[in-house]
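Data file: structure_8.pdb. Format and content: PDB, C-alpha atoms.
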ATOM      1  CA  MET A   9       0.000   0.000   0.000
ATOM      2  CA  THR A  10       1.351   3.403  -0.931
ATOM      3  CA  ILE A  11       0.351   6.760   0.389
ATOM      4  CA  HIS A  12       0.316   9.573  -2.112
ATOM      5  CA  GLY A  13       1.811  12.873  -1.034
ATOM      6  CA  ASN A  14      -1.382  14.824  -1.671
ATOM      7  CA  VAL A  15      -3.438  12.435   0.442
ATOM      8  CA  LEU A  16      -0.959  12.575   3.312
ATOM      9  CA  LEU A  17      -0.861  16.368   3.099
ATOM     10  CA  ALA A  18      -4.669  16.561   3.142
ATOM     11  CA  VAL A  19      -4.914  14.252   6.175
ATOM     12  CA  LEU A  20      -2.261  16.209   8.062
ATOM     13  CA  ALA A  21      -3.932  19.518   7.200
ATOM     14  CA  MET A  22      -7.325  18.243   8.394
ATOM     15  CA  ALA A  23      -5.776  16.934  11.604
ATOM     16  CA  GLY A  24      -4.048  20.262  12.211
ATOM     17  CA  ILE A  25      -7.219  22.275  11.608
ATOM     18  CA  THR A  26      -9.246  19.968  13.871
ATOM     19  CA  TYR A  27      -6.665  20.267  16.633
ATOM     20  CA  ALA A  28      -6.491  24.056  16.219
ATOM     21  CA  THR A  29     -10.255  24.463  16.520
ATOM     22  CA  ARG A  30     -10.340  22.365  19.685
ATOM     23  CA  ILE A  31      -7.494  24.297  21.287
ATOM     24  CA  ALA A  32      -9.040  27.606  20.221
ATOM     25  CA  GLY A  33     -12.327  26.610  21.845
ATOM     26  CA  LEU A  34     -10.581  25.855  25.125
ATOM     27  CA  PHE A  35      -8.578  29.068  24.936
ATOM     28  CA  PHE A  36     -11.582  31.300  24.266
ATOM     29  CA  ALA A  37     -13.869  29.492  26.730
ATOM     30  CA  ARG A  38     -11.370  30.248  29.489
ATOM     31  CA  ASN A  39     -11.964  33.956  29.009
ATOM     32  CA  LEU A  40     -15.777  33.805  29.005
ATOM     33  CA  ALA A  41     -17.799  34.870  32.007
ATOM     34  CA  LEU A  42     -20.760  32.505  31.952
ATOM     35  CA  SER A  43     -23.941  32.748  33.941
ATOM     36  CA  ALA A  44     -24.987  29.731  35.997
ATOM     37  CA  ARG A  45     -27.589  28.852  33.375
ATOM     38  CA  ALA A  46     -25.081  29.010  30.507
ATOM     39  CA  ARG A  47     -22.561  26.962  32.503
ATOM     40  CA  ALA A  48     -25.226  24.292  33.129
ATOM     41  CA  ALA A  49     -26.016  24.253  29.404
ATOM     42  CA  PHE A  50     -22.342  23.769  28.503
ATOM     43  CA  GLU A  51     -22.009  20.979  31.056
ATOM     44  CA  ALA A  52     -25.017  19.200  29.512
ATOM     45  CA  ILE A  53     -23.489  19.115  26.019
ATOM     46  CA  PRO A  54     -21.528  15.820  26.412
ATOM     47  CA  ALA A  55     -24.596  13.957  27.662
ATOM     48  CA  ALA A  56     -26.726  15.438  24.868
ATOM     49  CA  VAL A  57     -24.218  14.316  22.247
ATOM     50  CA  LEU A  58     -24.120  10.835  23.763
ATOM     51  CA  ILE A  59     -27.914  10.575  23.630
ATOM     52  CA  ALA A  60     -27.916  11.860  20.052
ATOM     53  CA  VAL A  61     -25.567   9.027  19.115
ATOM     54  CA  ILE A  62     -27.438   6.355  21.058
ATOM     55  CA  ALA A  63     -31.052   7.299  20.279
ATOM     56  CA  PRO A  64     -31.053   6.192  16.604
ATOM     57  CA  MET A  65     -29.989   2.709  17.745
ATOM     58  CA  LEU A  66     -33.280   2.292  19.536
ATOM     59  CA  VAL A  67     -35.238   2.327  16.296
ATOM     60  CA  ALA A  68     -32.887   1.598  13.421
ATOM     61  CA  THR A  69     -30.838  -1.454  14.386
ATOM     62  CA  GLY A  70     -31.108  -5.017  15.650
ATOM     63  CA  LYS A  71     -31.867  -6.564  19.014
ATOM     64  CA  ALA A  72     -28.293  -6.376  20.318
ATOM     65  CA  GLU A  73     -27.956  -2.679  19.613
ATOM     66  CA  THR A  74     -31.387  -1.881  21.045
ATOM     67  CA  GLY A  75     -30.587  -3.820  24.211
ATOM     68  CA  ALA A  76     -27.226  -2.113  24.532
ATOM     69  CA  ALA A  77     -28.847   1.289  24.093
ATOM     70  CA  ILE A  78     -31.315   0.541  26.886
ATOM     71  CA  ILE A  79     -28.505  -0.677  29.167
ATOM     72  CA  THR A  80     -26.525   2.464  28.369
ATOM     73  CA  ILE A  81     -29.469   4.736  29.133
ATOM     74  CA  VAL A  82     -29.922   3.065  32.515
ATOM     75  CA  ALA A  83     -26.180   3.362  33.191
ATOM     76  CA  ALA A  84     -26.335   7.073  32.311
ATOM     77  CA  THR A  85     -28.652   7.671  35.254
ATOM     78  CA  ARG A  86     -26.079   6.299  37.714
ATOM     79  CA  LEU A  87     -22.549   6.590  36.317
ATOM     80  CA  PRO A  88     -20.203   9.321  35.079
ATOM     81  CA  LEU A  89     -19.935   9.897  31.337
ATOM     82  CA  LEU A  90     -16.757   7.901  30.677
ATOM     83  CA  ALA A  91     -18.166   4.897  32.533
ATOM     84  CA  VAL A  92     -21.406   5.172  30.545
ATOM     85  CA  VAL A  93     -19.475   5.046  27.280
ATOM     86  CA  ALA A  94     -17.571   1.984  28.506
ATOM     87  CA  VAL A  95     -20.803   0.259  29.565
ATOM     88  CA  GLY A  96     -22.310   0.995  26.157
ATOM     89  CA  VAL A  97     -19.369  -0.422  24.237
ATOM     90  CA  VAL A  98     -19.073  -3.533  26.392
ATOM     91  CA  SER A  99     -22.811  -4.206  26.351
ATOM     92  CA  VAL A 100     -23.142  -3.950  22.578
ATOM     93  CA  VAL A 101     -20.187  -6.290  22.060
ATOM     94  CA  ALA A 102     -21.509  -8.787  24.598
ATOM     95  CA  LEU A 103     -25.043  -8.714  23.222
ATOM     96  CA  ARG A 104     -23.804  -9.146  19.648
ATOM     97  CA  LEU A 105     -21.992 -12.295  20.737
ATOM     98  CA  VAL A 106     -25.038 -13.654  22.571
ATOM     99  CA  LEU A 107     -27.861 -12.666  20.210
TER     100      LEU A 107
END
Since I need it in another form, could you write the structure as structure tokens?
Amino acid sequence: MTIHGNVLLAVLAMAGITYATRIAGLFFARNLALSARARAAFEAIPAAVLIAVIAPMLVATGKAETGAAIITIVAATRLPLLAVVAVGVVSVVALRLVL
């Protein structure tokens, strides 16, 4: 397999731009004075993104994925975000092996 120079350059440029936008967001967010309501909204973003990723599995996939989504939703009521992601990944793998 060979990698063409243009492809490598494009991948590196995209990676650099992605990294720059993430760092810029952290840099500018540090200087913002947020109200309590805005801070709560920003803290809810990771959970909202997780639900947006999981919710389509409830209706558009098979039994294993639906079961894993339900397990993940229950875990989200009790565990921190990183643990919820781990539970979701492990449960979908386990249910795919069983079902």
Apply the PyMOL selection byres ((chain A and resi 101-106) around 12) to the displayed file and report the matching residues as number ranges by chain. A: 69-79, 94-100, 107
What is the distance between CA of Arg30 (chain A) and CA of Leu16 (chain A), in Å to one decimal?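 If I compute the distance from CA of Arg30 (chain A) to CA of Leu16 (chain A), I get 21.3 Å.
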For Ala84 (chain A), which residue out of A:Asn14, A:Leu58, A:Ala41, A:Leu20 is the nearest one, using all atoms listed in the file?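 Comparing A:Asn14, A:Leu58, A:Ala41, A:Leu20 against Ala84 (chain A), the winner is A:Leu58.
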Using only C-alpha atoms, find the one residue out of A:Leu87, A:Val93, A:Ala46, A:Ala37 that sits nearest to Ile59 (chain A). A:Val93
CA of Leu42 (chain A) to CA of Ala55 (chain A): how many Å, to one decimal?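 A separation of 19.4 Å between them.
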Interatomic distance (Å, one decimal) between CA of Pro88 (chain A) and CA of Ala48 (chain A):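 Those two atoms sit 15.9 Å apart.
Take the candidates A:Ile11, A:Ile81, A:Leu90, A:Ile31 and check each one against Val61 (chain A) using only C-alpha atoms; the shortest distance goes to A:Ile81.
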